[in-house]
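Q: Next up is a structure, given as structure tokens.
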Amino acid sequence: MPDDSRLTALRELEKKVLWLAAWTIHHANHVRESADGLKVGGHQASSASLATIMTALYFHVLRPEDRVAVKPHASPIYHAIQYLLGGQSREKLEGFRGYKGAQSYPSRTKDADDVDFSTGSVGLGVAQTLFSSLVQDYVRAHGWGLDRPEGRMIALVGDAELDEGNIFEAILEGWKQGLRNCWWIIDYNRQSLDAVIREGLWARYEALFRDFGWDVVILKYGSLLEAAFREPGGERLRQWIADCPNQLYSALVFQGGAAWRRRLNDDIGDQGDVTRLIDARSDAELARLMTNLAGHDLPSLLDAFGRIDHDRPTCFICYTVKGYGLPFAGHKDNHAGLMTPAQMESLRIAMEVRPGHEWDRFEGLSLPPKQLQTFLDEVPFRARTRRRPAAPVAVPDELAVTIQPVMSTQTGFGSVLNELARQTSQLAARVVTASPDVTVSTNLGPWVNRRGLFARQALADTFKSERIPSTFTWEFSPKGQHIELGIAEMNLFILLSALGLSHAINGERLLPIGTLYDPFIARGLDALNYACYQDARFILVATPSGISLAPEGGAHQSIGTPLIGIAQDGLAAFEPAFVDELSVILAFALAYIQKEGDGDASERNWLRDETGGSVYLRLSTRPIEQIKRPMGAELRQAIIDGAYWLRRPGPNCQVVVAYTGAIAPEAIQAVGLMAEDRRDIGLLAVTSADRLNAGWTAASRARERGLIHASSHIERLLAEVPSHCGIVTVLDGHPATLAWLGAVRGHRVRPLGVEHFGQTGEIRDLYRHYGIDSNAIVAAAQSIAPGRPIRHLRAVDLG
Ligand SMILES: Cc1ncc(C[n+]2csc(CCOP(=O)(O)OP(=O)(O)O)c2C)c(N)n1
Ligand SMILES: [Mg+2]
């Protein structure tokens, strides 16, 4: 426990934090001019709920190495704390929720005040702390960063936030992985967005967390209430409050002292001692007493946090009041409530803040500013260094791979990783793979055989020790480089998010590669989006994909994922057809995920390659005939830029076939079938619709800004194609993925792809059924590219 003078300073800061957060929100809504006539909002109630807990943490409990995910709606409290610590500017606070101002929800990338983890979609930041703790263990077990102390990964969790399924998925995974150094602090204000939550949830939470190996600390009553309980009649009061339903408690909090008195007198007022206990207090004192929950009581909080002297995961259930200290405290509708200017004025007076001094750091506090400043200067958390740069790991242009005459990109992926696993390079050492129970079926097996699975405690493969033949060794050790997860894809994405921030969180760079089945990207899409939003860096290998997984069945065919690849910001998507392309793309990806420049787009392809990002590879289990060819620098670059001519169109070209991915043999065959009747056909291999599209858009914008010579890769490729020429696009995915190619230079396009799914069968059957086989390509070409009838089309059965 801190001494009295520290406690006094902390109380002053608690008051200041509450004021600054409320004022920041008020300023954004009532002082700053809004051009839209919209209220900016800002969750005054939700943030007040955490004012005390965050004061205790940031000004006393946190150590420099600790990392925190702040519940989204407590963002104004976080910014206020950083403002007091000198890490946030007044200008940003004045711009709260505005363009380039302090962010609505804490943001690693957009906020200037050293946010550890972004939050926003409830549930995700919480799970992120759990996985970050596992990543910290991974890093240290590999012998990195041992010169620094271990940090605690802390989440400030809303009670309604605990309804999110991803949290439960994470808790189970954490138990499996031997989670340590993780604190979840639940803001148990018994309110969600809409209303007051169900009774007794704390008991469910307690049982749940204990079941999964967590310590649970319940912080219910503050020191004032505890003292009152020790008075004569106090036990009766304790019983009353323990039995008080959440709704009634909230309503009384909102109504205040007189209502408390009335209700208490009605319920237990005729019982001697307790009557005296109530009567001895004024209305204001009674209201203060009855709302003195431990989550708003600094001594209780400091004591509880200070007692933790172990690294077991710990859940604190802190009773709080939503809107504590503000006029709408406890009101069930207060979630988006904003104080009126009159209410704000009353708060200003109560806080002893002079008009015009609303932003002054120590205004209205009773301790001398110098003393407060000294206190702030010595806050332990302040000693932390901001994100440390982790040196990049060198990556060659191409990765070794043995290419068989016929193979799939998925097999190629396994082979590239197998070759990498044989090396002793830094590159191989920093790669860490993860998969949600599909390690073997996504072809990570050979890598895992060589590099082993990660666990803090070694665990032998009993099948191996019993000499039972098996293709895969399943041995866990602290040196292992594969993290095996349970099936839940959400966990994969949040783990990738944590691994992909290791350079910033642990100062140690990891090169994470996660594998899953392509259709299940949808399972974890919000977590993927979250990972990208906070600029985590990883490679996602999704396989199998599309209808090409054929006999796997109709339920798992993915149609829309190529569009996700295009649309997801921060994620460069590739879909190679051939294994030599894959090896080039993987090498690019390993370097790309390490780039941190903030330079402009390159004038060559109009992509922000120096800024970097994450990478998504959509792969296939379909074995296809490989092309034997030398990999020159030009081809390599084109593969990375997104497309190259597999067959260059001639000057009399009437039709171009542009394809992506596993459908390559059909495209090649179609071009062969048409060759006699259509001249100079072009065959465009598209390795990344996403990067082609991004480059085209960026170059167009640059031209509109006056850079008239800006030109993107796809514009240069299609410049060779006569304008009367038609383009048939085809992929095993949604046709819209490539349909836009026609807009680049005004060519007519017939986009082929998959719009329906669910049919099982052989690849041949399915391609025919969904209209992406070579016949369909030929038919589409005939319909858009004028000329004599195509002979082979007449000969083929379109079934
Ligand atoms: C995934 C997701 N769903 C819905 C929302 C909208 N939302 C924001 S806050 C909130 C309820 C928050 O309640 P709680 O976590 O108890 O925090 P409190 O407001 O009580 O502080 C909801 C539903 C969201 N941000 N994210
Ligand atoms: Mg709540």
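Residue numbers start at 1 in each chain; chains themselves are named A, B, ... in the order of the structure tokens; ligands are numbered from 1 in the order shown.
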Return as a VMD selection string every polymer residue, whether protein, DNA or RNA, with at least one atom no more than 10 Å from an atom of ligand 2; count only C-alpha atoms and all ligand atoms.

A: chain A and resid 45 to 46 49 157 to 162 186 to 197 320 to 322 335

Q: Write out, as a tab-separated table, each residue of region 659-688 of chain A that has an atom at most 12 Å from region 716-729 of chain A, together with the closest pair of atoms and their distance in Å to one decimal, counting only C-alpha atoms, rows going by chain and rising number.

A:
```
residue	atom	partner	partner_atom	distance
A:Tyr659	CA	A:Thr729	CA	5.6
A:Thr660	CA	A:Thr729	CA	8.3
A:Gly661	CA	A:Thr729	CA	11.7
A:Ile663	CA	A:Thr729	CA	10.8
A:Ala664	CA	A:Thr729	CA	11.2
A:Glu666	CA	A:Thr729	CA	11.7
A:Ala667	CA	A:Thr729	CA	9.1
A:Ala670	CA	A:Val728	CA	10.6
A:Val671	CA	A:Val728	CA	10.7
A:Arg678	CA	A:Cys725	CA	10.8
A:Arg679	CA	A:Cys725	CA	10.8
A:Asp680	CA	A:Val721	CA	10.3
A:Ile681	CA	A:Cys725	CA	9.4
A:Gly682	CA	A:Val721	CA	8.3
A:Leu683	CA	A:Ile727	CA	9.6
A:Leu684	CA	A:Leu717	CA	8.9
A:Ala685	CA	A:Thr729	CA	10.2
A:Val686	CA	A:Thr729	CA	9.7
```

Q: Could you name the residues that touch region 453-464 of chain A at 6 Å or less, counting only C-alpha atoms, but leaving out those on the same chain fewer than 5 positions away, as a ChimeraX atom specification?

A: /A:474-478,480-483

Q: Please extract the residues of region 335-395 of chain A with a backbone DSSP assignment of alpha helix (DSSP H) and present them as a ChimeraX atom specification.

A: /A:341-350,369-377

Q: Go ahead and save the residues from that selection, with C-alpha atoms, as a tab-separated table (two decimals), in the first residue's frame.

A:
```tsv
chain	number	residue	atom	x	y	z
A	341	PRO	CA	-24.00	22.23	-20.59
A	342	ALA	CA	-25.79	23.01	-17.32
A	343	GLN	CA	-24.72	19.71	-15.78
A	344	MET	CA	-21.19	20.28	-16.98
A	345	GLU	CA	-21.24	23.69	-15.38
A	346	SER	CA	-22.25	22.14	-12.05
A	347	LEU	CA	-19.45	19.62	-12.35
A	348	ARG	CA	-17.00	22.41	-13.12
A	349	ILE	CA	-18.01	24.25	-10.00
A	350	ALA	CA	-17.88	21.09	-7.90
A	369	PRO	CA	1.31	21.75	-8.41
A	370	LYS	CA	4.99	21.21	-7.79
A	371	GLN	CA	4.30	18.29	-5.51
A	372	LEU	CA	1.89	16.78	-8.01
A	373	GLN	CA	4.37	17.23	-10.83
A	374	THR	CA	7.08	15.52	-8.81
A	375	PHE	CA	4.67	12.70	-8.13
A	376	LEU	CA	3.90	12.36	-11.83
A	377	ASP	CA	7.58	12.50	-12.76
```

Q: Please provide the set of residues having any atom within 9 Å of region 763-777 of chain A, restricted to only C-alpha atoms, with same-chain residues fewer than 2 positions apart removed, written as a VMD selection string.

A: chain A and resid 547 to 551 622 657 663 665 to 671 673 728 to 732 752 to 757 759 to 761 779 to 782 792 to 793 796 to 799

Q: Find the residues near Leu156 (chain A): any atom within 6 Å, counting only C-alpha atoms, skip ones fewer than 2 places away on the same chain, and give them as number ranges by chain.

A: A: 70-71, 185

Q: Can you write just those residues out, N, CA, C and O atoms, as a PDB file, in the first residue's frame?

A:
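Output file out29.pdb follows:
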```
ATOM      1  N   VAL A  70      -6.988  -1.272 -23.114  1.00  0.00           N
ATOM      2  CA  VAL A  70      -7.998  -0.453 -22.429  1.00  0.00           C
ATOM      3  C   VAL A  70      -9.328  -0.638 -23.151  1.00  0.00           C
ATOM      4  O   VAL A  70      -9.404  -0.470 -24.371  1.00  0.00           O
ATOM      5  N   LYS A  71     -10.344  -0.971 -22.410  1.00  0.00           N
ATOM      6  CA  LYS A  71     -11.698  -1.132 -22.970  1.00  0.00           C
ATOM      7  C   LYS A  71     -12.043   0.083 -23.853  1.00  0.00           C
ATOM      8  O   LYS A  71     -11.750   1.226 -23.462  1.00  0.00           O
ATOM      9  N   ILE A 185      -9.140  -7.302 -15.726  1.00  0.00           N
ATOM     10  CA  ILE A 185      -9.811  -6.514 -14.693  1.00  0.00           C
ATOM     11  C   ILE A 185     -11.214  -6.186 -15.207  1.00  0.00           C
ATOM     12  O   ILE A 185     -11.365  -5.406 -16.149  1.00  0.00           O
TER      13      ILE A 185
END
```

Q: Which residue gives the smallest distance to Gly256 (chain A) among A:His331, A:Arg236, A:Arg618, A:His747, with only C-alpha atoms counted?

A: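 Smallest distance to Gly256 (chain A) is found for A:His331.
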